[in-house]
Amino acid sequence: MNDIEVTKYLSVRSKTTILSSSLYFFKETFKKSILLSLYFNKSHIGNCGFFNLNNDESSYELRILIGEKKFWGMGLGKKAVILMLDYLKNNSNYIHFVWLNVSVNNLAANKLYSSVGFQLSDEKYKTIDGQIQNKMKYYFK
């Protein structure tokens, strides 16, 4: 998380320590977030989860990051997103859609999300450093 190349498309970047990561985990757990770790052949390669539960809209925000660069481009992010969506589909009757923000410059992520069924919305988001992000939504049928 302290590698600029890994975090360049994140909306907020800050120095990460074990303490700050632990505090973040406990804070999000109390918000009813679902935090997961990604492993490949027993190696921790990233994190993902569902955040910002919105009871009014019955929605969650999806986030995923593969921090180990040697695993980029292998289709693991797509596999993880599909598993995450399947998990919600099979374990939640009240979530109607999942949303995410993705940098317009992150072509690989935009392609991934479109390929699994996320739809581009009209909403845009501007990060602290001025990066423009699209909002995409995945609707459960």
# chains A, B, ... in the order shown; residues from 1 in each chain; ligands from 1
call {"tool": "closest_atom_pairs", "arguments": {"of": "stretch 28-66 of chain A", "to": "stretch 89-94 of chain A", "cutoff": "12 Å", "atoms": "only C-alpha atoms", "output": "tab-separated table"}}
result
residue	atom	partner	partner_atom	distance
A:Leu53	CA	A:Tyr94	CA	11.0
A:Asn54	CA	A:Tyr94	CA	10.7
A:Asn55	CA	A:Tyr94	CA	8.7
A:Asp56	CA	A:Tyr94	CA	10.4
A:Glu57	CA	A:Tyr94	CA	9.4
A:Ser58	CA	A:Tyr94	CA	6.0
A:Ser59	CA	A:Tyr94	CA	8.3
A:Tyr60	CA	A:Tyr94	CA	10.6
call {"tool": "write_last_selection", "arguments": {"atoms": "all heavy atoms", "output": "PDB file, in the first residue's frame"}}
result
ATOM      1  N   LEU A  53     -22.341   0.368   3.274  1.00  0.00           N
ATOM      2  CA  LEU A  53     -23.683  -0.173   3.154  1.00  0.00           C
ATOM      3  C   LEU A  53     -24.680   0.972   3.190  1.00  0.00           C
ATOM      4  O   LEU A  53     -24.663   1.801   4.086  1.00  0.00           O
ATOM      5  CB  LEU A  53     -23.977  -1.152   4.291  1.00  0.00           C
ATOM      6  CG  LEU A  53     -25.406  -1.673   4.395  1.00  0.00           C
ATOM      7  CD1 LEU A  53     -25.768  -2.502   3.153  1.00  0.00           C
ATOM      8  CD2 LEU A  53     -25.574  -2.505   5.654  1.00  0.00           C
ATOM      9  N   ASN A  54     -25.536   1.033   2.187  1.00  0.00           N
ATOM     10  CA  ASN A  54     -26.577   2.051   2.116  1.00  0.00           C
ATOM     11  C   ASN A  54     -27.919   1.331   2.228  1.00  0.00           C
ATOM     12  O   ASN A  54     -28.383   0.740   1.261  1.00  0.00           O
ATOM     13  CB  ASN A  54     -26.471   2.831   0.808  1.00  0.00           C
ATOM     14  CG  ASN A  54     -27.498   3.940   0.711  1.00  0.00           C
ATOM     15  OD1 ASN A  54     -28.587   3.847   1.262  1.00  0.00           O
ATOM     16  ND2 ASN A  54     -27.140   4.990   0.004  1.00  0.00           N
ATOM     17  N   ASN A  55     -28.496   1.371   3.411  1.00  0.00           N
ATOM     18  CA  ASN A  55     -29.764   0.672   3.636  1.00  0.00           C
ATOM     19  C   ASN A  55     -30.907   1.252   2.816  1.00  0.00           C
ATOM     20  O   ASN A  55     -31.803   0.529   2.404  1.00  0.00           O
ATOM     21  CB  ASN A  55     -30.134   0.688   5.120  1.00  0.00           C
ATOM     22  CG  ASN A  55     -29.274  -0.266   5.923  1.00  0.00           C
ATOM     23  OD1 ASN A  55     -28.980  -1.367   5.474  1.00  0.00           O
ATOM     24  ND2 ASN A  55     -28.849   0.153   7.098  1.00  0.00           N
ATOM     25  N   ASP A  56     -30.890   2.571   2.567  1.00  0.00           N
ATOM     26  CA  ASP A  56     -31.965   3.202   1.790  1.00  0.00           C
ATOM     27  C   ASP A  56     -31.995   2.686   0.357  1.00  0.00           C
ATOM     28  O   ASP A  56     -33.055   2.453  -0.207  1.00  0.00           O
ATOM     29  CB  ASP A  56     -31.816   4.724   1.784  1.00  0.00           C
ATOM     30  CG  ASP A  56     -32.020   5.316   3.175  1.00  0.00           C
ATOM     31  OD1 ASP A  56     -32.673   4.663   4.011  1.00  0.00           O
ATOM     32  OD2 ASP A  56     -31.517   6.423   3.425  1.00  0.00           O
ATOM     33  N   GLU A  57     -30.828   2.545  -0.241  1.00  0.00           N
ATOM     34  CA  GLU A  57     -30.749   2.074  -1.629  1.00  0.00           C
ATOM     35  C   GLU A  57     -30.483   0.572  -1.717  1.00  0.00           C
ATOM     36  O   GLU A  57     -30.463   0.021  -2.800  1.00  0.00           O
ATOM     37  CB  GLU A  57     -29.642   2.813  -2.386  1.00  0.00           C
ATOM     38  CG  GLU A  57     -29.920   4.262  -2.634  1.00  0.00           C
ATOM     39  CD  GLU A  57     -28.845   4.899  -3.498  1.00  0.00           C
ATOM     40  OE1 GLU A  57     -27.685   4.452  -3.490  1.00  0.00           O
ATOM     41  OE2 GLU A  57     -29.190   5.871  -4.192  1.00  0.00           O
ATOM     42  N   SER A  58     -30.242  -0.070  -0.596  1.00  0.00           N
ATOM     43  CA  SER A  58     -29.883  -1.495  -0.574  1.00  0.00           C
ATOM     44  C   SER A  58     -28.672  -1.751  -1.465  1.00  0.00           C
ATOM     45  O   SER A  58     -28.714  -2.560  -2.382  1.00  0.00           O
ATOM     46  CB  SER A  58     -31.075  -2.353  -1.004  1.00  0.00           C
ATOM     47  OG  SER A  58     -32.165  -2.156  -0.161  1.00  0.00           O
ATOM     48  N   SER A  59     -27.602  -1.026  -1.169  1.00  0.00           N
ATOM     49  CA  SER A  59     -26.406  -1.140  -2.005  1.00  0.00           C
ATOM     50  C   SER A  59     -25.140  -1.174  -1.160  1.00  0.00           C
ATOM     51  O   SER A  59     -25.128  -0.760  -0.004  1.00  0.00           O
ATOM     52  CB  SER A  59     -26.323   0.035  -2.975  1.00  0.00           C
ATOM     53  OG  SER A  59     -26.079   1.250  -2.280  1.00  0.00           O
ATOM     54  N   TYR A  60     -24.095  -1.688  -1.779  1.00  0.00           N
ATOM     55  CA  TYR A  60     -22.748  -1.706  -1.216  1.00  0.00           C
ATOM     56  C   TYR A  60     -21.780  -1.129  -2.248  1.00  0.00           C
ATOM     57  O   TYR A  60     -22.002  -1.241  -3.458  1.00  0.00           O
ATOM     58  CB  TYR A  60     -22.285  -3.153  -0.975  1.00  0.00           C
ATOM     59  CG  TYR A  60     -22.437  -3.686   0.424  1.00  0.00           C
ATOM     60  CD1 TYR A  60     -23.130  -4.873   0.640  1.00  0.00           C
ATOM     61  CD2 TYR A  60     -21.857  -3.060   1.518  1.00  0.00           C
ATOM     62  CE1 TYR A  60     -23.249  -5.414   1.914  1.00  0.00           C
ATOM     63  CE2 TYR A  60     -21.975  -3.598   2.796  1.00  0.00           C
ATOM     64  CZ  TYR A  60     -22.673  -4.767   2.984  1.00  0.00           C
ATOM     65  OH  TYR A  60     -22.778  -5.296   4.234  1.00  0.00           O
TER      66      TYR A  60
END
call {"tool": "select_by_dssp", "arguments": {"residues": "stretch 63-113 of chain A", "states": "helix (DSSP H, G or I)", "output": "JSON list (two decimals) with all heavy atoms, in the first residue's frame"}}
result
[["chain", "number", "residue", "atom", "x", "y", "z"],
["A", 69, "LYS", "N", 2.38, -6.72, -7.67],
["A", 69, "LYS", "CA", 2.40, -6.42, -9.11],
["A", 69, "LYS", "C", 2.68, -7.64, -9.98],
["A", 69, "LYS", "O", 2.21, -7.71, -11.12],
["A", 69, "LYS", "CB", 3.41, -5.31, -9.39],
["A", 69, "LYS", "CG", 2.99, -3.99, -8.81],
["A", 69, "LYS", "CD", 3.93, -2.88, -9.19],
["A", 69, "LYS", "CE", 5.04, -2.79, -8.19],
["A", 69, "LYS", "NZ", 5.89, -1.59, -8.38],
["A", 70, "LYS", "N", 3.39, -8.63, -9.46],
["A", 70, "LYS", "CA", 3.69, -9.81, -10.29],
["A", 70, "LYS", "C", 2.44, -10.61, -10.61],
["A", 70, "LYS", "O", 2.46, -11.47, -11.49],
["A", 70, "LYS", "CB", 4.77, -10.68, -9.63],
["A", 70, "LYS", "CG", 4.35, -11.37, -8.36],
["A", 70, "LYS", "CD", 5.52, -12.16, -7.78],
["A", 70, "LYS", "CE", 5.13, -12.82, -6.47],
["A", 70, "LYS", "NZ", 6.26, -13.50, -5.86],
["A", 71, "PHE", "N", 1.34, -10.33, -9.92],
["A", 71, "PHE", "CA", 0.07, -11.02, -10.18],
["A", 71, "PHE", "C", -0.89, -10.21, -11.04],
["A", 71, "PHE", "O", -2.00, -10.64, -11.31],
["A", 71, "PHE", "CB", -0.60, -11.41, -8.85],
["A", 71, "PHE", "CG", 0.18, -12.44, -8.09],
["A", 71, "PHE", "CD1", 0.98, -12.07, -7.02],
["A", 71, "PHE", "CD2", 0.15, -13.77, -8.45],
["A", 71, "PHE", "CE1", 1.72, -13.00, -6.32],
["A", 71, "PHE", "CE2", 0.88, -14.73, -7.76],
["A", 71, "PHE", "CZ", 1.66, -14.34, -6.69],
["A", 76, "LEU", "N", -6.85, -12.45, -12.13],
["A", 76, "LEU", "CA", -7.23, -12.74, -10.75],
["A", 76, "LEU", "C", -8.22, -11.70, -10.21],
["A", 76, "LEU", "O", -9.11, -12.04, -9.42],
["A", 76, "LEU", "CB", -6.00, -12.82, -9.86],
["A", 76, "LEU", "CG", -5.00, -13.93, -10.24],
["A", 76, "LEU", "CD1", -3.75, -13.84, -9.38],
["A", 76, "LEU", "CD2", -5.65, -15.29, -10.12],
["A", 77, "GLY", "N", -8.09, -10.45, -10.63],
["A", 77, "GLY", "CA", -9.03, -9.42, -10.21],
["A", 77, "GLY", "C", -10.43, -9.73, -10.70],
["A", 77, "GLY", "O", -11.40, -9.62, -9.95],
["A", 78, "LYS", "N", -10.53, -10.14, -11.95],
["A", 78, "LYS", "CA", -11.84, -10.49, -12.51],
["A", 78, "LYS", "C", -12.44, -11.67, -11.77],
["A", 78, "LYS", "O", -13.62, -11.66, -11.40],
["A", 78, "LYS", "CB", -11.71, -10.81, -14.00],
["A", 78, "LYS", "CG", -13.02, -11.13, -14.65],
["A", 78, "LYS", "CD", -12.86, -11.32, -16.15],
["A", 78, "LYS", "CE", -14.20, -11.58, -16.82],
["A", 78, "LYS", "NZ", -14.07, -11.63, -18.28],
["A", 79, "LYS", "N", -11.62, -12.68, -11.51],
["A", 79, "LYS", "CA", -12.10, -13.86, -10.78],
["A", 79, "LYS", "C", -12.59, -13.45, -9.39],
["A", 79, "LYS", "O", -13.63, -13.92, -8.92],
["A", 79, "LYS", "CB", -10.99, -14.90, -10.68],
["A", 79, "LYS", "CG", -11.44, -16.21, -10.07],
["A", 79, "LYS", "CD", -10.35, -17.25, -10.15],
["A", 79, "LYS", "CE", -10.48, -17.92, -11.49],
["A", 79, "LYS", "NZ", -9.78, -19.17, -11.62],
["A", 80, "ALA", "N", -11.85, -12.58, -8.72],
["A", 80, "ALA", "CA", -12.23, -12.13, -7.38],
["A", 80, "ALA", "C", -13.55, -11.35, -7.41],
["A", 80, "ALA", "O", -14.42, -11.57, -6.57],
["A", 80, "ALA", "CB", -11.12, -11.29, -6.76],
["A", 81, "VAL", "N", -13.70, -10.46, -8.39],
["A", 81, "VAL", "CA", -14.93, -9.67, -8.49],
["A", 81, "VAL", "C", -16.13, -10.58, -8.74],
["A", 81, "VAL", "O", -17.18, -10.42, -8.11],
["A", 81, "VAL", "CB", -14.81, -8.59, -9.59],
["A", 81, "VAL", "CG1", -16.16, -7.96, -9.89],
["A", 81, "VAL", "CG2", -13.80, -7.52, -9.18],
["A", 82, "ILE", "N", -15.99, -11.55, -9.61],
["A", 82, "ILE", "CA", -17.08, -12.50, -9.88],
["A", 82, "ILE", "C", -17.44, -13.26, -8.62],
["A", 82, "ILE", "O", -18.63, -13.43, -8.28],
["A", 82, "ILE", "CB", -16.70, -13.45, -11.03],
["A", 82, "ILE", "CG1", -16.66, -12.68, -12.36],
["A", 82, "ILE", "CG2", -17.67, -14.63, -11.12],
["A", 82, "ILE", "CD1", -16.04, -13.44, -13.52],
["A", 83, "LEU", "N", -16.44, -13.74, -7.87],
["A", 83, "LEU", "CA", -16.71, -14.45, -6.62],
["A", 83, "LEU", "C", -17.40, -13.55, -5.59],
["A", 83, "LEU", "O", -18.32, -13.99, -4.88],
["A", 83, "LEU", "CB", -15.41, -15.01, -6.03],
["A", 83, "LEU", "CG", -14.80, -16.19, -6.77],
["A", 83, "LEU", "CD1", -13.40, -16.50, -6.23],
["A", 83, "LEU", "CD2", -15.69, -17.42, -6.65],
["A", 84, "MET", "N", -16.98, -12.29, -5.53],
["A", 84, "MET", "CA", -17.60, -11.35, -4.59],
["A", 84, "MET", "C", -19.06, -11.12, -4.94],
["A", 84, "MET", "O", -19.94, -11.13, -4.07],
["A", 84, "MET", "CB", -16.83, -10.04, -4.59],
["A", 84, "MET", "CG", -15.44, -10.14, -4.00],
["A", 84, "MET", "SD", -14.47, -8.64, -4.27],
["A", 84, "MET", "CE", -15.33, -7.49, -3.22],
["A", 85, "LEU", "N", -19.35, -10.91, -6.22],
["A", 85, "LEU", "CA", -20.73, -10.68, -6.66],
["A", 85, "LEU", "C", -21.58, -11.93, -6.42],
["A", 85, "LEU", "O", -22.73, -11.83, -5.97],
["A", 85, "LEU", "CB", -20.77, -10.26, -8.12],
["A", 85, "LEU", "CG", -20.13, -8.90, -8.43],
["A", 85, "LEU", "CD1", -20.05, -8.68, -9.93],
["A", 85, "LEU", "CD2", -20.88, -7.77, -7.74],
["A", 86, "ASP", "N", -21.02, -13.09, -6.70],
["A", 86, "ASP", "CA", -21.75, -14.34, -6.45],
["A", 86, "ASP", "C", -22.05, -14.51, -4.96],
["A", 86, "ASP", "O", -23.12, -14.97, -4.58],
["A", 86, "ASP", "CB", -20.95, -15.55, -6.95],
["A", 86, "ASP", "CG", -21.00, -15.71, -8.46],
["A", 86, "ASP", "OD1", -21.84, -15.06, -9.11],
["A", 86, "ASP", "OD2", -20.18, -16.49, -8.99],
["A", 87, "TYR", "N", -21.09, -14.13, -4.12],
["A", 87, "TYR", "CA", -21.30, -14.23, -2.68],
["A", 87, "TYR", "C", -22.51, -13.40, -2.26],
["A", 87, "TYR", "O", -23.39, -13.88, -1.54],
["A", 87, "TYR", "CB", -20.05, -13.76, -1.92],
["A", 87, "TYR", "CG", -20.29, -13.66, -0.44],
["A", 87, "TYR", "CD1", -20.25, -14.79, 0.37],
["A", 87, "TYR", "CD2", -20.61, -12.44, 0.15],
["A", 87, "TYR", "CE1", -20.50, -14.71, 1.74],
["A", 87, "TYR", "CE2", -20.87, -12.35, 1.52],
["A", 87, "TYR", "CZ", -20.81, -13.48, 2.29],
["A", 87, "TYR", "OH", -21.07, -13.41, 3.63],
["A", 88, "LEU", "N", -22.56, -12.13, -2.71],
["A", 88, "LEU", "CA", -23.70, -11.29, -2.33],
["A", 88, "LEU", "C", -25.00, -11.82, -2.92],
["A", 88, "LEU", "O", -26.04, -11.81, -2.26],
["A", 88, "LEU", "CB", -23.50, -9.85, -2.82],
["A", 88, "LEU", "CG", -22.81, -8.88, -1.88],
["A", 88, "LEU", "CD1", -22.89, -7.47, -2.42],
["A", 88, "LEU", "CD2", -23.33, -8.95, -0.48],
["A", 89, "LYS", "N", -24.94, -12.27, -4.17],
["A", 89, "LYS", "CA", -26.14, -12.80, -4.83],
["A", 89, "LYS", "C", -26.72, -13.98, -4.05],
["A", 89, "LYS", "O", -27.93, -14.11, -3.91],
["A", 89, "LYS", "CB", -25.78, -13.24, -6.25],
["A", 89, "LYS", "CG", -26.96, -13.51, -7.15],
["A", 89, "LYS", "CD", -26.52, -13.97, -8.54],
["A", 89, "LYS", "CE", -25.56, -13.02, -9.18],
["A", 89, "LYS", "NZ", -25.12, -13.42, -10.52],
["A", 90, "ASN", "N", -25.86, -14.81, -3.50],
["A", 90, "ASN", "CA", -26.29, -16.02, -2.80],
["A", 90, "ASN", "C", -26.53, -15.84, -1.31],
["A", 90, "ASN", "O", -27.10, -16.71, -0.67],
["A", 90, "ASN", "CB", -25.28, -17.15, -3.02],
["A", 90, "ASN", "CG", -25.19, -17.57, -4.47],
["A", 90, "ASN", "OD1", -26.20, -17.61, -5.17],
["A", 90, "ASN", "ND2", -23.99, -17.86, -4.92],
["A", 91, "ASN", "N", -26.09, -14.71, -0.75],
["A", 91, "ASN", "CA", -26.17, -14.54, 0.70],
["A", 91, "ASN", "C", -26.90, -13.29, 1.16],
["A", 91, "ASN", "O", -26.91, -13.00, 2.35],
["A", 91, "ASN", "CB", -24.76, -14.55, 1.31],
["A", 91, "ASN", "CG", -24.11, -15.90, 1.17],
["A", 91, "ASN", "OD1", -24.48, -16.85, 1.82],
["A", 91, "ASN", "ND2", -23.14, -16.00, 0.27],
["A", 107, "LEU", "N", -7.61, 1.89, -17.53],
["A", 107, "LEU", "CA", -8.26, 1.19, -18.64],
["A", 107, "LEU", "C", -8.51, -0.28, -18.33],
["A", 107, "LEU", "O", -9.56, -0.83, -18.67],
["A", 107, "LEU", "CB", -7.44, 1.35, -19.91],
["A", 107, "LEU", "CG", -7.18, 2.80, -20.36],
["A", 107, "LEU", "CD1", -6.32, 2.83, -21.61],
["A", 107, "LEU", "CD2", -8.47, 3.56, -20.54],
["A", 108, "ALA", "N", -7.55, -0.93, -17.68],
["A", 108, "ALA", "CA", -7.71, -2.36, -17.35],
["A", 108, "ALA", "C", -8.89, -2.57, -16.41],
["A", 108, "ALA", "O", -9.70, -3.48, -16.61],
["A", 108, "ALA", "CB", -6.43, -2.91, -16.74],
["A", 109, "ALA", "N", -9.03, -1.73, -15.39],
["A", 109, "ALA", "CA", -10.13, -1.88, -14.44],
["A", 109, "ALA", "C", -11.47, -1.58, -15.11],
["A", 109, "ALA", "O", -12.45, -2.29, -14.89],
["A", 109, "ALA", "CB", -9.92, -0.98, -13.23],
["A", 110, "ASN", "N", -11.53, -0.55, -15.93],
["A", 110, "ASN", "CA", -12.77, -0.23, -16.65],
["A", 110, "ASN", "C", -13.20, -1.40, -17.51],
["A", 110, "ASN", "O", -14.39, -1.76, -17.56],
["A", 110, "ASN", "CB", -12.59, 1.03, -17.50],
["A", 110, "ASN", "CG", -12.73, 2.29, -16.69],
["A", 110, "ASN", "OD1", -13.83, 2.70, -16.35],
["A", 110, "ASN", "ND2", -11.60, 2.90, -16.35],
["A", 111, "LYS", "N", -12.26, -2.02, -18.19],
["A", 111, "LYS", "CA", -12.55, -3.18, -19.05],
["A", 111, "LYS", "C", -13.04, -4.36, -18.20],
["A", 111, "LYS", "O", -14.02, -5.02, -18.56],
["A", 111, "LYS", "CB", -11.30, -3.56, -19.84],
["A", 111, "LYS", "CG", -11.50, -4.70, -20.80],
["A", 111, "LYS", "CD", -10.21, -4.99, -21.57],
["A", 111, "LYS", "CE", -10.37, -6.23, -22.43],
["A", 111, "LYS", "NZ", -9.13, -6.57, -23.13],
["A", 112, "LEU", "N", -12.37, -4.61, -17.09],
["A", 112, "LEU", "CA", -12.76, -5.70, -16.19],
["A", 112, "LEU", "C", -14.18, -5.52, -15.72],
["A", 112, "LEU", "O", -15.00, -6.43, -15.82],
["A", 112, "LEU", "CB", -11.80, -5.75, -15.00],
["A", 112, "LEU", "CG", -12.03, -6.81, -13.91],
["A", 112, "LEU", "CD1", -10.77, -7.06, -13.15],
["A", 112, "LEU", "CD2", -13.16, -6.47, -12.99],
["A", 113, "TYR", "N", -14.50, -4.35, -15.17],
["A", 113, "TYR", "CA", -15.83, -4.13, -14.59],
["A", 113, "TYR", "C", -16.92, -4.23, -15.66],
["A", 113, "TYR", "O", -17.97, -4.81, -15.41],
["A", 113, "TYR", "CB", -15.89, -2.80, -13.85],
["A", 113, "TYR", "CG", -14.92, -2.73, -12.69],
["A", 113, "TYR", "CD1", -14.08, -1.65, -12.52],
["A", 113, "TYR", "CD2", -14.84, -3.76, -11.76],
["A", 113, "TYR", "CE1", -13.19, -1.58, -11.47],
["A", 113, "TYR", "CE2", -13.96, -3.71, -10.70],
["A", 113, "TYR", "CZ", -13.13, -2.62, -10.56],
["A", 113, "TYR", "OH", -12.25, -2.56, -9.52]]
call {"tool": "closest_residue", "arguments": {"among": "A:Val98, A:Phe40, A:Gln119, A:Thr127", "to": "A:Met74", "atoms": "only C-alpha atoms"}}
result
A:Phe40
call {"tool": "closest_residue", "arguments": {"among": "A:Glu123, A:Ile66, A:Tyr139, A:Ser103", "to": "A:Gly46", "atoms": "only C-alpha atoms"}}
result
A:Ile66
